[in-house]
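Data file: run.txt. Format and content: compact mmCIF, C-alpha atoms.
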# COMPACT_ATOMS: atom_id res chain seq x y z
CA MET A 10 0.00 0.00 0.00
CA GLY A 11 2.91 2.32 0.75
CA VAL A 12 4.37 1.75 -2.72
CA GLY A 13 0.98 2.61 -4.19
CA ASN A 14 0.97 5.75 -2.04
CA ILE A 15 4.26 6.82 -3.65
CA LEU A 16 3.14 6.20 -7.24
CA GLY A 17 -0.38 7.61 -6.78
CA PRO A 18 0.71 11.26 -6.35
CA ILE A 19 3.10 10.97 -9.31
CA VAL A 20 0.17 10.19 -11.58
CA GLY A 21 -2.37 12.24 -9.60
CA GLY A 22 -0.25 15.39 -9.66
CA CYS A 23 0.12 15.16 -13.43
CA LEU A 24 -3.56 14.33 -13.99
CA ALA A 25 -4.62 17.28 -11.82
CA ASP A 26 -2.77 19.63 -14.17
CA ALA A 27 -3.72 17.74 -17.34
CA ILE A 28 -7.41 16.71 -17.08
CA GLY A 29 -8.40 18.97 -14.21
CA ARG A 30 -8.73 18.67 -10.45
CA LYS A 31 -12.34 17.47 -10.34
CA ARG A 32 -11.97 14.58 -12.80
CA THR A 33 -8.86 13.32 -11.00
CA MET A 34 -10.69 13.42 -7.66
CA VAL A 35 -13.67 11.49 -9.07
CA ILE A 36 -11.41 8.79 -10.54
CA SER A 37 -9.66 8.45 -7.17
CA LEU A 38 -12.82 8.31 -5.07
CA PHE A 39 -14.68 5.76 -7.19
CA GLY A 40 -11.56 3.65 -7.72
CA SER A 41 -10.56 3.60 -4.05
CA SER A 42 -14.10 2.72 -2.94
CA LEU A 43 -14.08 -0.38 -5.18
CA SER A 44 -10.55 -1.34 -4.13
CA MET A 45 -11.58 -1.11 -0.46
CA LEU A 46 -14.23 -3.78 -1.10
CA ALA A 47 -11.64 -5.85 -2.95
CA ILE A 48 -9.36 -5.79 0.12
CA PHE A 49 -12.04 -7.51 2.20
CA PHE A 50 -12.57 -10.28 -0.36
CA ALA A 51 -8.82 -10.80 -0.85
CA THR A 52 -7.93 -11.34 2.82
CA ASP A 53 -7.79 -15.15 2.45
CA HIS A 54 -5.20 -14.98 -0.35
CA TYR A 55 -1.97 -13.18 0.55
CA GLY A 56 -0.81 -12.64 -3.03
CA ALA A 57 -4.15 -11.16 -4.06
CA LEU A 58 -4.15 -9.02 -0.91
CA ILE A 59 -0.80 -7.48 -1.87
CA ILE A 60 -2.11 -6.63 -5.35
CA VAL A 61 -5.36 -5.02 -4.19
CA CYS A 62 -3.60 -3.14 -1.36
CA PHE A 63 -1.19 -1.69 -3.91
CA ALA A 64 -4.16 -0.71 -6.12
CA HIS A 65 -5.96 0.88 -3.16
CA GLY A 66 -2.87 2.82 -2.08
CA PHE A 67 -2.37 4.05 -5.64
CA LEU A 68 -6.01 5.05 -6.25
CA ASN A 69 -6.41 6.60 -2.81
CA PHE A 70 -3.36 8.85 -3.23
CA LEU A 71 -4.46 10.15 -6.62
CA PHE A 72 -6.85 12.34 -4.64
CA GLY A 73 -4.58 14.52 -2.51
CA PRO A 74 -2.71 16.58 -5.14
CA ALA A 75 -5.91 17.32 -7.06
CA ALA A 76 -7.90 18.25 -3.95
CA SER A 77 -5.16 20.53 -2.62
CA ALA A 78 -4.66 22.11 -6.03
CA LEU A 79 -8.39 22.80 -6.36
CA LEU A 80 -8.53 24.41 -2.92
CA THR A 81 -5.48 26.51 -3.80
CA ASP A 82 -7.11 27.52 -7.11
CA LEU A 83 -10.23 28.74 -5.35
CA VAL A 84 -8.97 30.29 -2.10
CA PRO A 85 -6.74 33.39 -1.89
CA SER A 86 -3.43 33.01 -0.06
CA GLU A 87 -4.42 34.90 3.10
CA LYS A 88 -7.37 32.55 3.69
CA ARG A 89 -5.72 29.20 2.91
CA VAL A 90 -4.69 28.32 6.47
CA THR A 91 -8.30 28.71 7.59
CA ALA A 92 -9.56 26.84 4.52
CA TYR A 93 -7.24 23.89 5.13
CA ALA A 94 -8.24 23.89 8.80
CA MET A 95 -11.91 23.74 7.74
CA VAL A 96 -11.20 20.80 5.42
CA ARG A 97 -9.40 19.04 8.27
CA LEU A 98 -12.35 19.93 10.53
CA ALA A 99 -14.63 17.96 8.23
CA MET A 100 -12.16 15.07 7.95
CA ASN A 101 -11.66 14.84 11.70
CA GLY A 102 -15.38 15.07 12.34
CA GLY A 103 -15.52 11.66 10.70
CA PHE A 104 -12.26 10.53 12.25
CA ALA A 105 -13.49 11.33 15.75
CA ALA A 106 -16.28 8.78 15.35
CA GLY A 107 -14.70 6.40 12.83
CA PRO A 108 -12.15 4.50 14.97
CA ALA A 109 -14.56 4.09 17.89
CA ILE A 110 -17.25 2.71 15.59
CA GLY A 111 -14.65 0.59 13.78
CA GLY A 112 -13.47 -0.90 17.07
CA LEU A 113 -17.02 -1.95 17.92
CA LEU A 114 -17.82 -3.27 14.44
CA TYR A 115 -14.64 -5.34 14.32
CA ALA A 116 -15.85 -7.42 17.25
CA TYR A 117 -19.20 -8.20 15.60
CA ALA A 118 -19.18 -7.77 11.82
CA PRO A 119 -15.83 -6.72 10.28
CA TRP A 120 -17.27 -6.75 6.75
CA LEU A 121 -19.40 -3.70 7.63
CA ILE A 122 -16.22 -1.62 8.05
CA PHE A 123 -15.24 -2.26 4.43
CA VAL A 124 -18.74 -1.87 3.00
CA GLY A 125 -19.32 1.31 5.01
CA ASP A 126 -15.99 2.79 3.89
CA ALA A 127 -16.72 1.98 0.24
CA PHE A 128 -20.24 3.45 0.46
CA THR A 129 -19.21 6.76 2.05
CA THR A 130 -16.26 7.17 -0.33
CA MET A 131 -18.52 6.57 -3.33
CA LEU A 132 -21.04 9.06 -1.94
CA PHE A 133 -18.22 11.61 -1.68
CA GLY A 134 -17.35 10.84 -5.30
CA LEU A 135 -20.94 11.57 -6.38
CA LEU A 136 -21.00 14.86 -4.47
CA THR A 137 -17.67 15.81 -6.04
CA ALA A 138 -18.91 15.02 -9.55
CA ILE A 139 -22.11 17.04 -9.07
CA TYR A 140 -21.05 20.07 -7.07
CA LEU A 141 -17.33 20.84 -7.27
CA PRO A 142 -15.83 23.04 -10.02
CA HIS A 143 -13.21 21.67 -12.39
CA GLY A 144 -10.32 23.93 -11.41
CA LEU A 145 -7.35 24.83 -13.59
CA LYS A 146 -5.56 22.80 -16.28
CA THR A 147 -2.00 23.76 -17.14
CA ILE A 148 -0.71 20.83 -19.22
CA GLN A 149 -1.41 20.80 -22.95
CA GLY A 150 -1.38 17.68 -25.11
CA ARG A 151 -2.75 14.15 -25.04
CA VAL A 152 -2.96 13.00 -21.43
CA SER A 153 -2.40 9.33 -22.27
CA SER A 154 0.89 10.11 -24.05
CA PRO A 155 3.94 8.94 -22.05
CA ALA A 156 5.95 11.72 -23.70
CA VAL A 157 3.56 14.37 -22.37
CA PHE A 158 3.64 12.76 -18.92
CA PHE A 159 7.44 12.60 -18.67
CA HIS A 160 7.95 16.05 -20.21
CA SER A 161 5.51 17.62 -17.74
CA TRP A 162 7.28 16.07 -14.75
CA LYS A 163 10.72 16.94 -16.16
CA ALA A 164 9.70 20.59 -16.40
CA ALA A 165 8.32 20.59 -12.84
CA LEU A 166 11.45 18.94 -11.40
CA ARG A 167 13.66 21.41 -13.25
CA ASP A 168 11.73 24.22 -11.59
CA LEU A 169 11.97 22.48 -8.20
CA SER A 170 15.76 22.31 -8.47
CA THR A 171 15.92 26.08 -7.85
CA HIS A 172 13.16 26.20 -5.21
CA LYS A 173 15.08 25.98 -1.92
CA LEU A 174 12.10 26.63 0.36
CA PHE A 175 9.95 23.86 -1.12
CA LYS A 176 12.86 21.41 -1.05
CA GLN A 177 13.46 22.25 2.61
CA TYR A 178 9.77 21.63 3.34
CA LEU A 179 9.77 18.27 1.54
CA PHE A 180 12.95 17.13 3.32
CA ALA A 181 11.54 17.98 6.75
CA LEU A 182 8.15 16.48 5.88
CA ILE A 183 9.62 13.05 5.09
CA PHE A 184 11.26 12.78 8.53
CA MET A 185 8.17 14.01 10.39
CA ALA A 186 5.82 11.80 8.37
CA PHE A 187 7.98 8.73 9.06
CA GLY A 188 7.27 9.13 12.75
CA PHE A 189 3.70 10.35 12.23
CA CYS A 190 2.70 7.23 10.30
CA GLN A 191 3.71 4.93 13.19
CA VAL A 192 0.58 6.06 15.02
CA PHE A 193 -1.55 4.39 12.35
CA SER A 194 0.29 1.07 12.38
CA VAL A 195 2.48 0.39 15.42
CA LEU A 196 0.21 2.06 17.98
CA ALA A 197 -2.36 -0.73 17.68
CA LEU A 198 0.34 -3.28 18.54
CA SER A 199 1.69 -1.24 21.45
CA ALA A 200 -1.80 -0.76 22.86
CA THR A 201 -2.49 -4.49 22.59
CA ASP A 202 0.83 -5.32 24.27
CA GLN A 203 -0.12 -3.11 27.22
CA GLY A 204 -3.52 -4.79 27.60
CA LEU A 205 -5.79 -2.14 26.06
CA THR A 206 -8.96 -3.48 24.44
CA ALA A 207 -9.99 -2.76 20.85
CA GLY A 208 -12.62 -0.36 22.22
CA GLN A 209 -10.03 1.54 24.30
CA TYR A 210 -7.71 1.76 21.32
CA GLY A 211 -10.58 3.15 19.26
CA LEU A 212 -11.20 5.80 21.93
CA ILE A 213 -7.52 6.79 21.94
CA MET A 214 -7.63 7.29 18.17
CA SER A 215 -10.94 9.12 18.42
CA LEU A 216 -9.40 11.49 20.97
CA ASN A 217 -7.12 12.70 18.19
CA GLY A 218 -10.03 13.54 15.90
CA LEU A 219 -12.14 15.05 18.68
CA LEU A 220 -9.43 17.45 19.84
CA ILE A 221 -8.79 18.58 16.27
CA LEU A 222 -12.53 19.03 15.79
CA LEU A 223 -12.81 21.25 18.88
CA VAL A 224 -9.74 23.50 18.73
CA GLU A 225 -7.84 23.31 15.42
CA LEU A 226 -9.82 25.97 13.54
CA PRO A 227 -9.39 28.82 16.06
CA ILE A 228 -5.77 27.87 16.81
CA SER A 229 -4.89 27.76 13.10
CA HIS A 230 -6.54 31.14 12.58
CA TRP A 231 -4.40 32.58 15.39
CA LEU A 232 -1.16 30.89 14.27
CA LYS A 233 -1.24 32.21 10.70
CA ARG A 234 0.11 35.58 11.93
CA PHE A 235 3.48 33.94 12.73
CA ASP A 236 6.34 32.85 10.49
CA PRO A 237 5.18 29.48 9.07
CA LYS A 238 8.63 27.92 9.34
CA GLN A 239 8.74 28.69 13.08
CA VAL A 240 5.24 27.30 13.54
CA LEU A 241 6.17 24.14 11.66
CA ALA A 242 9.29 23.69 13.81
CA VAL A 243 7.22 23.91 17.01
CA GLY A 244 4.51 21.60 15.65
CA PHE A 245 6.94 18.95 14.41
CA ALA A 246 8.76 19.05 17.79
CA LEU A 247 5.47 18.51 19.66
CA ILE A 248 4.66 15.57 17.38
CA GLY A 249 8.08 14.14 18.20
CA LEU A 250 7.51 14.53 21.95
CA GLY A 251 4.14 12.80 21.66
CA LEU A 252 5.62 9.92 19.71
CA GLY A 253 8.39 9.53 22.27
CA ALA A 254 5.82 9.51 25.08
CA PHE A 255 4.19 6.39 23.59
CA ALA A 256 7.40 4.52 24.53
CA PHE A 257 6.54 4.99 28.20
CA ALA A 258 2.75 4.53 27.98
CA SER A 259 1.46 1.58 30.01
CA ASP A 260 -2.26 2.21 30.55
CA PHE A 261 -5.20 4.05 29.03
CA ARG A 262 -4.37 7.37 30.72
CA SER A 263 -0.73 7.45 29.65
CA PHE A 264 -1.68 6.52 26.09
CA ALA A 265 -4.24 9.36 26.15
CA PHE A 266 -1.58 11.81 27.39
CA ALA A 267 0.84 10.80 24.63
CA MET A 268 -1.95 11.18 22.08
CA LEU A 269 -2.72 14.62 23.51
CA LEU A 270 0.89 15.76 22.91
CA PHE A 271 0.94 14.21 19.43
CA THR A 272 -2.38 15.85 18.51
CA ALA A 273 -1.21 19.26 19.77
CA GLY A 274 1.69 19.05 17.31
CA GLU A 275 -0.61 17.95 14.51
CA ILE A 276 -2.98 20.87 15.20
CA VAL A 277 -0.10 23.35 15.13
CA ALA A 278 1.78 21.97 12.12
CA LEU A 279 -0.48 20.36 9.55
CA PRO A 280 -2.87 23.17 8.49
CA ILE A 281 0.03 25.66 8.41
CA GLY A 282 2.17 23.17 6.47
CA MET A 283 -0.54 22.51 3.90
CA ALA A 284 -1.13 26.23 3.33
CA TYR A 285 2.60 27.04 3.33
CA SER A 286 3.44 24.40 0.73
CA SER A 287 0.45 25.42 -1.41
CA ASP A 288 1.62 29.04 -1.33
CA LEU A 289 5.11 27.96 -2.41
CA ALA A 290 3.81 25.88 -5.36
CA PRO A 291 4.07 27.82 -8.65
CA HIS A 292 0.78 28.29 -10.48
CA LYS A 293 2.01 26.51 -13.62
CA TYR A 294 3.15 23.37 -11.74
CA ARG A 295 0.70 23.42 -8.84
CA GLY A 296 -0.72 19.91 -9.24
CA ARG A 297 2.73 18.38 -9.68
CA TYR A 298 4.26 20.30 -6.76
CA LEU A 299 1.46 19.18 -4.49
CA GLY A 300 1.94 15.73 -5.98
CA LEU A 301 5.50 15.91 -4.64
CA ARG A 302 4.04 16.62 -1.22
CA GLY A 303 1.91 13.51 -1.61
CA ILE A 304 4.94 11.51 -2.75
CA ALA A 305 6.79 12.60 0.39
CA TRP A 306 3.92 11.31 2.54
CA GLY A 307 3.74 8.09 0.52
CA PHE A 308 7.49 7.51 0.73
CA ALA A 309 7.46 8.15 4.47
CA GLY A 310 4.50 5.82 4.89
CA CYS A 311 6.27 3.10 2.94
CA MET A 312 9.42 3.51 5.04
CA ALA A 313 7.29 3.65 8.19
CA SER A 314 6.26 0.05 7.52
CA SER A 315 9.66 -0.80 8.96
CA GLY A 316 8.20 0.29 12.29
CA LEU A 317 6.37 -3.02 12.48
CA TRP A 318 9.68 -4.87 12.14
CA MET A 319 11.32 -2.56 14.69
CA HIS A 320 8.47 -3.14 17.12
CA SER A 321 8.92 -6.90 16.93
CA HIS A 322 12.70 -6.63 17.49
CA LEU A 323 13.14 -3.47 19.57
CA GLY A 324 9.80 -3.13 21.33
CA THR A 325 8.86 0.37 22.48
CA THR A 326 12.22 1.76 21.30
CA VAL A 327 10.49 2.23 17.95
CA TRP A 328 8.66 5.20 19.49
CA LEU A 329 11.91 6.86 20.53
CA ILE A 330 13.20 6.47 16.97
CA ALA A 331 9.95 7.90 15.57
CA GLY A 332 10.07 10.81 18.01
CA ALA A 333 13.69 11.58 17.20
CA SER A 334 12.86 11.57 13.46
CA SER A 335 10.14 14.19 13.93
CA ILE A 336 12.31 16.36 16.18
CA PHE A 337 15.05 16.22 13.52
CA ALA A 338 12.43 17.46 11.04
CA ALA A 339 11.75 20.41 13.36
CA LEU A 340 15.45 21.27 13.40
CA ILE A 341 15.54 21.37 9.59
CA PHE A 342 13.26 24.42 9.69
CA CYS A 343 15.75 26.15 12.00
CA VAL A 344 18.32 26.20 9.18
CA PRO A 345 18.23 29.58 7.36
CA THR A 346 17.31 29.27 3.68
CA GLN A 347 18.42 31.98 1.30
CA VAL A 348 15.94 32.75 -1.46
CA LYS A 349 16.96 34.41 -4.70
CA GLN A 350 15.54 37.89 -5.18
CA SER A 351 13.60 36.88 -8.29
CA GLN A 352 12.07 33.93 -6.48
CA ALA A 353 11.18 36.09 -3.47
CA GLN A 354 9.40 38.53 -5.77
CA LYS A 355 7.54 35.63 -7.39
CA LEU A 356 6.39 34.33 -3.98
CA GLU A 357 5.30 37.82 -2.91
CA ALA A 358 3.29 38.17 -6.13

Show me this structure written as structure tokens.
Amino acid sequence: MGVGNILGPIVGGCLADAIGRKRTMVISLFGSSLSMLAIFFATDHYGALIIVCFAHGFLNFLFGPAASALLTDLVPSEKRVTAYAMVRLAMNGGFAAGPAIGGLLYAYAPWLIFVGDAFTTMLFGLLTAIYLPHGLKTIQGRVSSPAVFFHSWKAALRDLSTHKLFKQYLFALIFMAFGFCQVFSVLALSATDQGLTAGQYGLIMSLNGLLILLVELPISHWLKRFDPKQVLAVGFALIGLGLGAFAFASDFRSFAFAMLLFTAGEIVALPIGMAYSSDLAPHKYRGRYLGLRGIAWGFAGCMASSGLWMHSHLGTTVWLIAGASSIFAALIFCVPTQVKQSQAQKLEA
């Protein structure tokens, strides 16, 4: 699934600029809903499971670059932090309830988790197809042509080679995301090892969504007055402290405290980071630049799969490694980055 998450934004970023944001989102939503059902039916055959998980990871990660590019197309720069916080408000409204419901359903009828996920994703696809605008298209030529695909990415990467701020952001993001992704894989194992039930684990995960739902929007609105790099450094450091705290968690309360620290960092960093990277992305290459952001998340998620191996061999030390990775990401933003005058003028414009 992690490999699919890397390749999805490569294609999704190009499609967002070539066929439009809306069409790419619809393809992703309908495709990932069907692949989610396929995962359930493939669980008895390991080879088939690998194939459908790759397909799901690929189709699911087509969505991000197009969705972010569409939001950036529609929302002026000074309102993007708030807009991204509102999008995350909607996402975490579902996430606050999702894990708790999933924990209960797993004990009684696991198939309902997959059917429910597929149904709601398909419903989102229908709403997208009916109501959302198409957004910009900046790539000319036949979309199915490999030459057009490779030329478009070559041009974007050539532009990236001179964009020091975006490269700094991507480098830091990979290290933070490596630790961040452990929460969605290793945490279930750590909670089980310490005797937490599936229901308690679901509540811990729901705490993350609930806190974001309650406080992220006003905090993000307040934080946008500060230098985004400084905000990102603080947020990534808090995420690292929360991850490290999971190494010492032994009961429901200590797991909740670690999740509280982790969530505080997420609230501080993620909306600002999404708006900051969207502001940095040049208009002409917006879908592909935001595809690079998705690739960074996908690459980190793929590498984060090693956390499962580390957990089996190193135990809770995996959380100290994850925390250190995120704190290192925070330090990257403390390194001054010189921007060429022409590029500074472009960003100001």

Inset, instruction - Just give me the residues with any atom within 10 Å of (-0.3, 2.7, -2.8), file coordinates, counting all atoms listed in the file, written as a ChimeraX atom specification. - result: /A:10-18,60-71,307-308,310-311

Inset, instruction - Mind checking which residues fall within 10 Å of segment 230-234 of chain A, counting all atoms listed in the file, ignoring those fewer than 6 positions away in the same chain, and posting them as a list in words? - result: Glu87, Lys88, Arg89, Val90, Thr91, Ala92, Ala94, Val240, Val277, Ala278, Pro280, Ile281, Ala284 and Tyr285 of chain A

Inset, instruction - Tell me, as an NGL selection string, which residues lie within 9 Å of Thr129 of chain A, counting only C-alpha atoms; anything in the same chain fewer than 5 positions away does not count. - result: :A and (42 or 124 or 134)

Using C-alpha atoms, can you export the residues from the last selection as an mmCIF file, in the frame of the given file?
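again-v4.cif, freshly written:
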data_model
loop_
_atom_site.group_PDB
_atom_site.id
_atom_site.type_symbol
_atom_site.label_atom_id
_atom_site.label_comp_id
_atom_site.auth_asym_id
_atom_site.auth_seq_id
_atom_site.Cartn_x
_atom_site.Cartn_y
_atom_site.Cartn_z
ATOM 1 C CA SER A 42 -14.100 2.720 -2.940
ATOM 2 C CA VAL A 124 -18.740 -1.870 3.000
ATOM 3 C CA GLY A 134 -17.350 10.840 -5.300
#

Legend entry - d(atom CA of Phe342 of chain A, atom CA of Arg297 of chain A) in Å: 22.9 Å

Inset, instruction - Give me, please, the distance in Å between atom CA of Pro291 of chain A and atom CA of Gly244 of chain A, quoted to one decimal. - result: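 Computing it gives 25.1 Å between the two atoms.
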
Inset, instruction - Would you mind reading off the distance between atom CA of Ser170 of chain A and atom CA of Ser335 of chain A, one decimal, in Å? - result: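 Computing it gives 24.5 Å between the two atoms.
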
Legend entry - Close residues, segment 183-189 of chain A itself excluded, 8 Å, all atoms listed in the file, min 2 positions apart in chain, as a list in words: Leu179, Phe180, Ala181, Gln191, Val192, Phe193, Phe245, Ile248, Gly249, Leu252, Ala305, Trp306, Phe308, Ala309, Gly310, Met312, Ala313, Trp328, Ile330, Ala331, Gly332, Ser334, Ser335, Ile336, Phe337, Ala338 and Ala339 of chain A

Inset, instruction - Within 9 Å of Arg32 of chain A, counting only C-alpha atoms, which residues show up once you throw out same-chain ones fewer than 5 positions away? Write them as a PyMOL selection string, please. - result: chain A and resi 24-25+37+75+137-138+143

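Compared by their closest atoms to Gly22 of chain A, and using all atoms listed in the file, the residues A:Phe266, A:Phe271, A:Phe158, A:Phe261 rank with A:Phe158 nearest.
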
Legend entry - Nearest to Lys293 of chain A, chosen from A:Leu135, A:Leu317, A:Ile148, A:Leu58, with all atoms listed in the file counted in the distances: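 Using all atoms listed in the file, the shortest distance to Lys293 of chain A belongs to A:Ile148.
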
I want to know what sits within 12 Å of Leu198 of chain A, based on all atoms listed in the file, with residues of the same chain fewer than 4 positions away left out; could you give that as a PDB file with C-alpha atoms, in the frame of the given file?
ATOM      1  CA  GLN A 191       3.710   4.930  13.190  1.00  0.00           C
ATOM      2  CA  VAL A 192       0.580   6.060  15.020  1.00  0.00           C
ATOM      3  CA  PHE A 193      -1.550   4.390  12.350  1.00  0.00           C
ATOM      4  CA  SER A 194       0.290   1.070  12.380  1.00  0.00           C
ATOM      5  CA  ASP A 202       0.830  -5.320  24.270  1.00  0.00           C
ATOM      6  CA  GLN A 203      -0.120  -3.110  27.220  1.00  0.00           C
ATOM      7  CA  GLY A 204      -3.520  -4.790  27.600  1.00  0.00           C
ATOM      8  CA  LEU A 205      -5.790  -2.140  26.060  1.00  0.00           C
ATOM      9  CA  THR A 206      -8.960  -3.480  24.440  1.00  0.00           C
ATOM     10  CA  ALA A 207      -9.990  -2.760  20.850  1.00  0.00           C
ATOM     11  CA  TYR A 210      -7.710   1.760  21.320  1.00  0.00           C
ATOM     12  CA  PHE A 255       4.190   6.390  23.590  1.00  0.00           C
ATOM     13  CA  GLY A 316       8.200   0.290  12.290  1.00  0.00           C
ATOM     14  CA  LEU A 317       6.370  -3.020  12.480  1.00  0.00           C
ATOM     15  CA  TRP A 318       9.680  -4.870  12.140  1.00  0.00           C
ATOM     16  CA  MET A 319      11.320  -2.560  14.690  1.00  0.00           C
ATOM     17  CA  HIS A 320       8.470  -3.140  17.120  1.00  0.00           C
ATOM     18  CA  SER A 321       8.920  -6.900  16.930  1.00  0.00           C
ATOM     19  CA  GLY A 324       9.800  -3.130  21.330  1.00  0.00           C
ATOM     20  CA  THR A 325       8.860   0.370  22.480  1.00  0.00           C
ATOM     21  CA  VAL A 327      10.490   2.230  17.950  1.00  0.00           C
ATOM     22  CA  TRP A 328       8.660   5.200  19.490  1.00  0.00           C
TER      23      TRP A 328
END

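Proximity ranking of A:Phe264, A:Tyr294, A:Phe49, A:Phe235 relative to Ala118 of chain A places A:Phe49 first, based on all atoms listed in the file.
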
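Proximity ranking of A:Val20, A:Arg151, A:His160, A:Ala109 relative to Gly211 of chain A places A:Ala109 first, based on all atoms listed in the file.
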
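Each of A:Thr52, A:Arg30, A:Leu247, A:Arg167 was checked against Leu80 of chain A using all atoms listed in the file; the smallest atom-to-atom distance is that of A:Arg30.
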
Inset, instruction - Dig up all the protein and nucleic acid residues within 12 Å of (1.5, 23.7, -14.6) in the file frame, using only C-alpha atoms, and format them as JSON, numbers by chain. - result: {"A": [22, 23, 24, 25, 26, 27, 28, 29, 78, 145, 146, 147, 148, 149, 158, 160, 161, 162, 163, 164, 165, 166, 168, 290, 291, 292, 293, 294, 295, 296, 297, 298, 299, 300]}

Legend entry - Closest of A:Leu329, A:Leu222, A:Trp120, A:Thr201 to Gly251 of chain A - atom-to-atom distances counting all atoms listed in the file: A:Leu329

Would you mind completing segment 47-58 of chain A so that it carries N, CA and C atoms, and writing it out as a PDB file, keeping the file's coordinate frame?
ATOM      1  N   ALA A  47     -12.502  -4.759  -2.491  1.00  0.00           N
ATOM      2  CA  ALA A  47     -11.640  -5.850  -2.950  1.00  0.00           C
ATOM      3  C   ALA A  47     -10.692  -6.314  -1.851  1.00  0.00           C
ATOM      4  N   ILE A  48     -10.246  -5.399  -0.991  1.00  0.00           N
ATOM      5  CA  ILE A  48      -9.360  -5.790   0.120  1.00  0.00           C
ATOM      6  C   ILE A  48     -10.048  -6.799   1.010  1.00  0.00           C
ATOM      7  N   PHE A  49     -11.314  -6.582   1.317  1.00  0.00           N
ATOM      8  CA  PHE A  49     -12.040  -7.510   2.200  1.00  0.00           C
ATOM      9  C   PHE A  49     -12.116  -8.900   1.580  1.00  0.00           C
ATOM     10  N   PHE A  50     -12.405  -8.970   0.281  1.00  0.00           N
ATOM     11  CA  PHE A  50     -12.570 -10.280  -0.360  1.00  0.00           C
ATOM     12  C   PHE A  50     -11.241 -10.967  -0.647  1.00  0.00           C
ATOM     13  N   ALA A  51     -10.133 -10.213  -0.550  1.00  0.00           N
ATOM     14  CA  ALA A  51      -8.820 -10.800  -0.850  1.00  0.00           C
ATOM     15  C   ALA A  51      -8.073 -11.236   0.404  1.00  0.00           C
ATOM     16  N   THR A  52      -8.681 -11.099   1.579  1.00  0.00           N
ATOM     17  CA  THR A  52      -7.930 -11.340   2.820  1.00  0.00           C
ATOM     18  C   THR A  52      -7.524 -12.801   3.008  1.00  0.00           C
ATOM     19  N   ASP A  53      -8.156 -13.738   2.305  1.00  0.00           N
ATOM     20  CA  ASP A  53      -7.790 -15.150   2.450  1.00  0.00           C
ATOM     21  C   ASP A  53      -6.661 -15.562   1.511  1.00  0.00           C
ATOM     22  N   HIS A  54      -6.238 -14.659   0.627  1.00  0.00           N
ATOM     23  CA  HIS A  54      -5.200 -14.980  -0.350  1.00  0.00           C
ATOM     24  C   HIS A  54      -4.137 -13.880  -0.299  1.00  0.00           C
ATOM     25  N   TYR A  55      -2.980 -14.203   0.266  1.00  0.00           N
ATOM     26  CA  TYR A  55      -1.970 -13.180   0.550  1.00  0.00           C
ATOM     27  C   TYR A  55      -1.480 -12.484  -0.716  1.00  0.00           C
ATOM     28  N   GLY A  56      -1.262 -13.242  -1.786  1.00  0.00           N
ATOM     29  CA  GLY A  56      -0.810 -12.640  -3.030  1.00  0.00           C
ATOM     30  C   GLY A  56      -1.816 -11.655  -3.586  1.00  0.00           C
ATOM     31  N   ALA A  57      -3.096 -12.062  -3.590  1.00  0.00           N
ATOM     32  CA  ALA A  57      -4.150 -11.160  -4.060  1.00  0.00           C
ATOM     33  C   ALA A  57      -4.270  -9.943  -3.163  1.00  0.00           C
ATOM     34  N   LEU A  58      -4.076 -10.131  -1.865  1.00  0.00           N
ATOM     35  CA  LEU A  58      -4.150  -9.020  -0.910  1.00  0.00           C
ATOM     36  C   LEU A  58      -3.093  -7.969  -1.214  1.00  0.00           C
TER      37      LEU A  58
END
